[in-house]
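Before any comments, here is the structure.
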Amino acid sequence: MISRTKPELTAKQIESMFDSACLGKVKSFDKLGDGEYNAVFDVVTDMGNYVLKVAPLDKTGILTYEQDMMRGEVFWYAQIRARTDVKVPYVYYKDFSHTVFPSDYFIMERMEGEQLNNADLTEKERIWCKEEIARITAKFHKVTNDKYGYLQNDLYDNWYLALRSMTLYLINDTKRAGKSTRRGDKLLSYIDKYKDLLEKVPSTMVNCDLWYGNILCVKKDSKIQLIIIDPERTFWGDSLFDFINLEVTKMLNEKTTTVNAYNAVAKSKVTCTDEEMIRFAFGIGYLALVQEAEKYYRYTPHHFGWWRNVASCKFLYKNAFKILKRGLQ
């Protein structure tokens with residue numbers, strides 16, 4: 001996907017990065033993945049196959065929560081490896097010093113498999129993958145903390161304060177782009193309205209980006225393994241935000257396959273109460289605000305991504321405000 005944030009690299013620059021990491025002489029490299037933020041390369045050296053990920057050069061052209069996001073990604077890879085049995089790549093080398101290249105980068109294991117959105121699967125296998133993603137999500141939510149928010153921004157003592165700050169950052173990012181967001185302001189007013197509910201939400205590891213492009217699928221001997229990549233948007237917060245990307249077009253109370261698989265292994269079960277529906281509504285409302293703000297920084301109206309975000313925002317905001325307006329019954 002074309003995006004204004006992705007840095008361009010020369011062969012000499014990539015060679016210097018691998019020389020610094022002592023991971024061999026570069027034999028070949030190619031651009032990799034469907035991501036829209038960092039530049040990612042498939043690199044072959046005389047020591048093996050690797051993935052190089054490079055952060056944007058211009059920090060003025062990114063959203064506030066994306067500042068130093070790559071440093072958080074390396075942290076979350078380590079957390080997942082240490083505190084769950086979910087398969088993720090191993091990070092061999094990271095450099096945040098800007099001495100070899102003028103932005104953050106890291107080099108990780110090149111995993112087998114293809115992105116799940118491109119995998120050739122039977123209907124039975126597709127259903128299993130939906131269920132397995134839900135089980136993986138439940139494992140993430142067993143990792144808890146006493147703080148809330150993004151590592152790269154501020155951490156807070158409760159979810160109300162964190163979510164309010166996260167929302168304000170996006171509203172201000174929109175203003176920085178010379179625009180306003182009436183729907184973002186409306187979302188913020190609902191956050192204040194439901195302050196008491198939000199203050200009670202426990203803090204868990206929330207990936208918040210479990211779409212199929214961030215999941216690798218490996219098929220061997222009729223068995224499937226899923227591998228999670230790109231946990232860069234992970235934060236400490238409300239577990240229900242992860243249900244946004246599971247059975248993505250459905251509301252929480254319609255995600256039967258996902259909820260049943262999740263509840264079979266989860267520490268805390270989802271029962272779709274009015275409170276849980278409200279929390280989920282904040283999740284889809286927040287995603288709508290992210291997409292609304294980011295289109296000004298990544299695309300122009302000539303990009304597919306611009307109009308995709310416009311359509312997605314409309315759908316998400318509509319459903320979020322419908323639930324939030326109805327409230328507790």
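Naming works like this for the structure tokens: A, B, ... for the chains as they're shown, residue 1 at the start of each chain, ligands 1 onward in shown order.
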
Would you mind listing, for every residue of segment 157-272 of chain A within 12 Å of segment 47-56 of chain A, the two atoms forming the shortest contact and the distance between them in Å to one decimal, using only C-alpha atoms, sorted by chain and ascending residue number, as a tab-separated table?
residue	atom	partner	partner_atom	distance
A:Ile229	CA	A:Val51	CA	11.2
A:Asp230	CA	A:Lys53	CA	9.9
A:Glu232	CA	A:Ala55	CA	11.0

Exercise for the section: Quick one: everything within 12 Å of segment 6-9 of chain A, counting only C-alpha atoms, minus sequence neighbours fewer than 6 positions away in the same chain. Send it as JSON, numbers by chain. Expected result: {"A": [15, 16, 17, 29, 30, 31, 32, 34, 35, 36, 37, 38, 39, 40, 41, 52, 53, 54, 55, 56, 57, 58, 59, 61, 62, 101, 102, 103, 104, 105, 297, 298, 299]}

Give me a file of those residues, with N, CA and C atoms, as a CSV table (one decimal), in the first residue's frame.
chain,number,residue,atom,x,y,z
A,15,GLU,N,22.6,-2.3,3.5
A,15,GLU,CA,23.9,-3.0,3.7
A,15,GLU,C,24.5,-2.5,5.0
A,16,SER,N,24.5,-1.2,5.2
A,16,SER,CA,25.1,-0.6,6.4
A,16,SER,C,24.4,-1.1,7.7
A,17,MET,N,23.1,-1.2,7.6
A,17,MET,CA,22.3,-1.7,8.8
A,17,MET,C,22.6,-3.1,9.1
A,29,PHE,N,17.3,-7.9,-1.6
A,29,PHE,CA,16.3,-7.4,-0.7
A,29,PHE,C,15.1,-7.0,-1.6
A,30,ASP,N,13.9,-7.1,-1.0
A,30,ASP,CA,12.7,-6.7,-1.7
A,30,ASP,C,11.7,-6.0,-0.7
A,31,LYS,N,10.9,-5.1,-1.1
A,31,LYS,CA,9.8,-4.6,-0.3
A,31,LYS,C,8.8,-5.7,0.1
A,32,LEU,N,8.3,-5.6,1.3
A,32,LEU,CA,7.5,-6.7,1.8
A,32,LEU,C,6.2,-6.1,2.5
A,34,ASP,N,1.8,-5.5,3.3
A,34,ASP,CA,0.7,-4.5,2.9
A,34,ASP,C,0.6,-3.4,3.9
A,35,GLY,N,1.6,-3.3,4.9
A,35,GLY,CA,1.5,-2.2,5.9
A,35,GLY,C,1.5,-0.8,5.3
A,36,GLU,N,1.0,0.1,6.1
A,36,GLU,CA,0.8,1.5,5.6
A,36,GLU,C,1.6,2.5,6.4
A,37,TYR,N,2.5,2.1,7.2
A,37,TYR,CA,3.2,3.1,8.1
A,37,TYR,C,4.7,3.0,8.0
A,38,ASN,N,5.3,1.8,8.4
A,38,ASN,CA,6.7,1.6,8.3
A,38,ASN,C,7.1,1.0,6.9
A,39,ALA,N,8.4,1.2,6.6
A,39,ALA,CA,8.9,0.5,5.4
A,39,ALA,C,9.4,-0.9,5.9
A,40,VAL,N,9.1,-2.0,5.1
A,40,VAL,CA,9.4,-3.3,5.5
A,40,VAL,C,10.1,-4.0,4.3
A,41,PHE,N,11.2,-4.7,4.6
A,41,PHE,CA,12.0,-5.3,3.6
A,41,PHE,C,12.3,-6.8,3.9
A,52,LEU,N,13.6,-6.6,7.7
A,52,LEU,CA,14.0,-5.2,8.2
A,52,LEU,C,12.8,-4.3,8.2
A,53,LYS,N,12.6,-3.7,9.4
A,53,LYS,CA,11.5,-2.7,9.5
A,53,LYS,C,12.1,-1.4,9.9
A,54,VAL,N,11.7,-0.3,9.1
A,54,VAL,CA,12.2,1.0,9.3
A,54,VAL,C,11.1,2.0,9.5
A,55,ALA,N,11.2,2.8,10.6
A,55,ALA,CA,10.2,3.8,11.0
A,55,ALA,C,10.3,5.0,10.0
A,56,PRO,N,9.2,5.8,10.0
A,56,PRO,CA,9.2,7.0,9.2
A,56,PRO,C,10.3,8.0,9.6
A,57,LEU,N,10.7,8.8,8.6
A,57,LEU,CA,11.8,9.8,8.9
A,57,LEU,C,11.2,11.0,9.5
A,58,ASP,N,10.1,11.4,9.0
A,58,ASP,CA,9.5,12.7,9.4
A,58,ASP,C,8.5,12.5,10.5
A,59,LYS,N,8.8,12.9,11.7
A,59,LYS,CA,7.9,12.8,12.8
A,59,LYS,C,6.8,13.8,12.9
A,61,GLY,N,4.9,14.4,10.4
A,61,GLY,CA,3.9,13.9,9.5
A,61,GLY,C,3.2,12.6,10.0
A,62,ILE,N,3.3,12.4,11.3
A,62,ILE,CA,2.6,11.2,11.8
A,62,ILE,C,1.7,11.6,13.0
A,101,PHE,N,21.3,5.0,10.5
A,101,PHE,CA,20.2,5.5,9.7
A,101,PHE,C,19.4,6.5,10.5
A,102,PRO,N,18.9,7.6,9.9
A,102,PRO,CA,18.3,8.7,10.7
A,102,PRO,C,16.9,8.4,11.2
A,103,SER,N,16.4,7.2,11.4
A,103,SER,CA,15.2,6.8,12.1
A,103,SER,C,15.4,5.5,12.7
A,104,ASP,N,14.4,5.1,13.6
A,104,ASP,CA,14.5,3.8,14.2
A,104,ASP,C,14.3,2.6,13.2
A,105,TYR,N,15.0,1.5,13.5
A,105,TYR,CA,14.8,0.3,12.7
A,105,TYR,C,15.1,-0.9,13.6
A,297,TYR,N,-2.7,12.5,7.2
A,297,TYR,CA,-1.3,12.4,7.3
A,297,TYR,C,-0.7,11.4,6.3
A,298,ARG,N,-1.5,10.4,5.9
A,298,ARG,CA,-0.9,9.3,5.0
A,298,ARG,C,-1.3,9.5,3.6
A,299,TYR,N,-2.5,10.0,3.3
A,299,TYR,CA,-3.0,10.0,1.9
A,299,TYR,C,-3.4,11.4,1.4

Exercise for the section: Work out how far apart atom CA of Lys314 of chain A and atom CA of Leu210 of chain A are and give it in Å to one decimal. Expected result: 20.8 Å

Would you mind listing, for every residue of segment 146-252 of chain A within 12 Å of segment 264-281 of chain A, the two atoms forming the shortest contact and the distance between them in Å to one decimal, using only C-alpha atoms, sorted by chain and ascending residue number, as JSON lines?
{"residue": "A:Trp159", "atom": "CA", "partner": "A:Arg279", "partner_atom": "CA", "distance": 10.6}
{"residue": "A:Tyr160", "atom": "CA", "partner": "A:Arg279", "partner_atom": "CA", "distance": 10.8}
{"residue": "A:Leu163", "atom": "CA", "partner": "A:Arg279", "partner_atom": "CA", "distance": 10.9}
{"residue": "A:Leu187", "atom": "CA", "partner": "A:Ala281", "partner_atom": "CA", "distance": 9.9}
{"residue": "A:Tyr190", "atom": "CA", "partner": "A:Ile278", "partner_atom": "CA", "distance": 10.0}
{"residue": "A:Ile191", "atom": "CA", "partner": "A:Arg279", "partner_atom": "CA", "distance": 9.9}
{"residue": "A:Lys193", "atom": "CA", "partner": "A:Ile278", "partner_atom": "CA", "distance": 11.4}
{"residue": "A:Tyr194", "atom": "CA", "partner": "A:Ile278", "partner_atom": "CA", "distance": 8.7}
{"residue": "A:Lys195", "atom": "CA", "partner": "A:Arg279", "partner_atom": "CA", "distance": 11.2}
{"residue": "A:Asp196", "atom": "CA", "partner": "A:Glu275", "partner_atom": "CA", "distance": 11.0}
{"residue": "A:Leu197", "atom": "CA", "partner": "A:Glu275", "partner_atom": "CA", "distance": 7.5}
{"residue": "A:Leu198", "atom": "CA", "partner": "A:Arg279", "partner_atom": "CA", "distance": 7.7}
{"residue": "A:Glu199", "atom": "CA", "partner": "A:Arg279", "partner_atom": "CA", "distance": 11.2}
{"residue": "A:Lys200", "atom": "CA", "partner": "A:Glu275", "partner_atom": "CA", "distance": 10.7}
{"residue": "A:Val201", "atom": "CA", "partner": "A:Arg279", "partner_atom": "CA", "distance": 8.8}
{"residue": "A:Pro202", "atom": "CA", "partner": "A:Ser268", "partner_atom": "CA", "distance": 10.5}
{"residue": "A:Thr204", "atom": "CA", "partner": "A:Ser268", "partner_atom": "CA", "distance": 11.1}
{"residue": "A:Cys208", "atom": "CA", "partner": "A:Phe280", "partner_atom": "CA", "distance": 11.9}
{"residue": "A:Gly237", "atom": "CA", "partner": "A:Arg279", "partner_atom": "CA", "distance": 11.0}
{"residue": "A:Asp238", "atom": "CA", "partner": "A:Arg279", "partner_atom": "CA", "distance": 7.8}
{"residue": "A:Ser239", "atom": "CA", "partner": "A:Phe280", "partner_atom": "CA", "distance": 9.1}
{"residue": "A:Leu240", "atom": "CA", "partner": "A:Phe280", "partner_atom": "CA", "distance": 5.5}
{"residue": "A:Phe241", "atom": "CA", "partner": "A:Phe280", "partner_atom": "CA", "distance": 6.1}
{"residue": "A:Asp242", "atom": "CA", "partner": "A:Phe280", "partner_atom": "CA", "distance": 8.9}
{"residue": "A:Phe243", "atom": "CA", "partner": "A:Phe280", "partner_atom": "CA", "distance": 7.5}
{"residue": "A:Ile244", "atom": "CA", "partner": "A:Phe280", "partner_atom": "CA", "distance": 7.5}
{"residue": "A:Asn245", "atom": "CA", "partner": "A:Phe280", "partner_atom": "CA", "distance": 11.3}
{"residue": "A:Leu246", "atom": "CA", "partner": "A:Phe280", "partner_atom": "CA", "distance": 11.9}
{"residue": "A:Lys250", "atom": "CA", "partner": "A:Phe280", "partner_atom": "CA", "distance": 11.4}
{"residue": "A:Met251", "atom": "CA", "partner": "A:Phe280", "partner_atom": "CA", "distance": 8.4}
{"residue": "A:Leu252", "atom": "CA", "partner": "A:Met277", "partner_atom": "CA", "distance": 6.8}

In segment 119-159 of chain A, DSSP alpha helix (DSSP H) residues written as a PDB file with N, CA and C atoms, in the first residue's frame:
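Okay, this is what ended up in states.pdb:
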ATOM      1  N   GLU A 123     -13.540 -23.513   3.750  1.00  0.00           N
ATOM      2  CA  GLU A 123     -14.457 -22.841   4.661  1.00  0.00           C
ATOM      3  C   GLU A 123     -14.254 -23.332   6.090  1.00  0.00           C
ATOM      4  N   LYS A 124     -14.003 -24.629   6.257  1.00  0.00           N
ATOM      5  CA  LYS A 124     -13.748 -25.175   7.590  1.00  0.00           C
ATOM      6  C   LYS A 124     -12.491 -24.570   8.195  1.00  0.00           C
ATOM      7  N   GLU A 125     -11.454 -24.415   7.372  1.00  0.00           N
ATOM      8  CA  GLU A 125     -10.199 -23.827   7.855  1.00  0.00           C
ATOM      9  C   GLU A 125     -10.386 -22.353   8.202  1.00  0.00           C
ATOM     10  N   ARG A 126     -11.201 -21.644   7.452  1.00  0.00           N
ATOM     11  CA  ARG A 126     -11.462 -20.231   7.744  1.00  0.00           C
ATOM     12  C   ARG A 126     -12.152 -20.068   9.102  1.00  0.00           C
ATOM     13  N   ILE A 127     -13.093 -20.939   9.373  1.00  0.00           N
ATOM     14  CA  ILE A 127     -13.787 -20.888  10.661  1.00  0.00           C
ATOM     15  C   ILE A 127     -12.802 -21.187  11.787  1.00  0.00           C
ATOM     16  N   TRP A 128     -11.953 -22.198  11.583  1.00  0.00           N
ATOM     17  CA  TRP A 128     -10.947 -22.527  12.612  1.00  0.00           C
ATOM     18  C   TRP A 128     -10.033 -21.326  12.870  1.00  0.00           C
ATOM     19  N   CYS A 129      -9.629 -20.633  11.805  1.00  0.00           N
ATOM     20  CA  CYS A 129      -8.751 -19.471  11.971  1.00  0.00           C
ATOM     21  C   CYS A 129      -9.432 -18.374  12.773  1.00  0.00           C
ATOM     22  N   LYS A 130     -10.721 -18.122  12.518  1.00  0.00           N
ATOM     23  CA  LYS A 130     -11.461 -17.141  13.320  1.00  0.00           C
ATOM     24  C   LYS A 130     -11.435 -17.528  14.796  1.00  0.00           C
ATOM     25  N   GLU A 131     -11.659 -18.797  15.054  1.00  0.00           N
ATOM     26  CA  GLU A 131     -11.670 -19.275  16.439  1.00  0.00           C
ATOM     27  C   GLU A 131     -10.280 -19.190  17.064  1.00  0.00           C
ATOM     28  N   GLU A 132      -9.256 -19.516  16.290  1.00  0.00           N
ATOM     29  CA  GLU A 132      -7.887 -19.474  16.819  1.00  0.00           C
ATOM     30  C   GLU A 132      -7.449 -18.046  17.121  1.00  0.00           C
ATOM     31  N   ILE A 133      -7.841 -17.105  16.283  1.00  0.00           N
ATOM     32  CA  ILE A 133      -7.523 -15.696  16.552  1.00  0.00           C
ATOM     33  C   ILE A 133      -8.177 -15.254  17.861  1.00  0.00           C
ATOM     34  N   ALA A 134      -9.403 -15.709  18.095  1.00  0.00           N
ATOM     35  CA  ALA A 134     -10.086 -15.391  19.355  1.00  0.00           C
ATOM     36  C   ALA A 134      -9.345 -15.996  20.540  1.00  0.00           C
ATOM     37  N   ARG A 135      -8.859 -17.219  20.388  1.00  0.00           N
ATOM     38  CA  ARG A 135      -8.105 -17.858  21.475  1.00  0.00           C
ATOM     39  C   ARG A 135      -6.781 -17.130  21.727  1.00  0.00           C
ATOM     40  N   ILE A 136      -6.113 -16.708  20.653  1.00  0.00           N
ATOM     41  CA  ILE A 136      -4.881 -15.923  20.795  1.00  0.00           C
ATOM     42  C   ILE A 136      -5.175 -14.614  21.528  1.00  0.00           C
ATOM     43  N   THR A 137      -6.277 -13.978  21.170  1.00  0.00           N
ATOM     44  CA  THR A 137      -6.675 -12.730  21.820  1.00  0.00           C
ATOM     45  C   THR A 137      -6.872 -12.933  23.315  1.00  0.00           C
ATOM     46  N   ALA A 138      -7.515 -14.039  23.680  1.00  0.00           N
ATOM     47  CA  ALA A 138      -7.730 -14.342  25.101  1.00  0.00           C
ATOM     48  C   ALA A 138      -6.401 -14.510  25.834  1.00  0.00           C
ATOM     49  N   LYS A 139      -5.405 -15.067  25.165  1.00  0.00           N
ATOM     50  CA  LYS A 139      -4.083 -15.222  25.778  1.00  0.00           C
ATOM     51  C   LYS A 139      -3.431 -13.852  26.006  1.00  0.00           C
ATOM     52  N   PHE A 140      -3.586 -12.950  25.048  1.00  0.00           N
ATOM     53  CA  PHE A 140      -3.066 -11.594  25.240  1.00  0.00           C
ATOM     54  C   PHE A 140      -3.695 -10.942  26.468  1.00  0.00           C
ATOM     55  N   TRP A 159      -8.648   3.653  33.009  1.00  0.00           N
ATOM     56  CA  TRP A 159      -8.951   3.631  31.581  1.00  0.00           C
ATOM     57  C   TRP A 159      -9.656   4.910  31.125  1.00  0.00           C
TER      58      TRP A 159
END

Sorted by chain and rising residue number, which residues of segment 211-329 of chain A lie within 12 Å of segment 77-88 of chain A, and what are their closest atom pairs and distances in Å to one decimal, counting only C-alpha atoms, as CSV?
residue,atom,partner,partner_atom,distance
A:Asn214,CA,A:Val88,CA,10.8
A:Ile215,CA,A:Val88,CA,9.6
A:Leu216,CA,A:Val88,CA,9.5
A:Cys217,CA,A:Lys87,CA,11.0
A:Val218,CA,A:Lys87,CA,11.2
A:Gln225,CA,A:Lys87,CA,8.6
A:Leu226,CA,A:Lys87,CA,7.3
A:Ile227,CA,A:Lys87,CA,5.1
A:Ile228,CA,A:Val88,CA,5.3
A:Ile229,CA,A:Val88,CA,6.2
A:Asp230,CA,A:Tyr77,CA,8.5
A:Pro231,CA,A:Tyr77,CA,7.0
A:Glu232,CA,A:Tyr77,CA,8.8
A:Arg233,CA,A:Tyr77,CA,11.5
A:Thr234,CA,A:Tyr77,CA,10.1
A:Phe235,CA,A:Gln79,CA,11.8
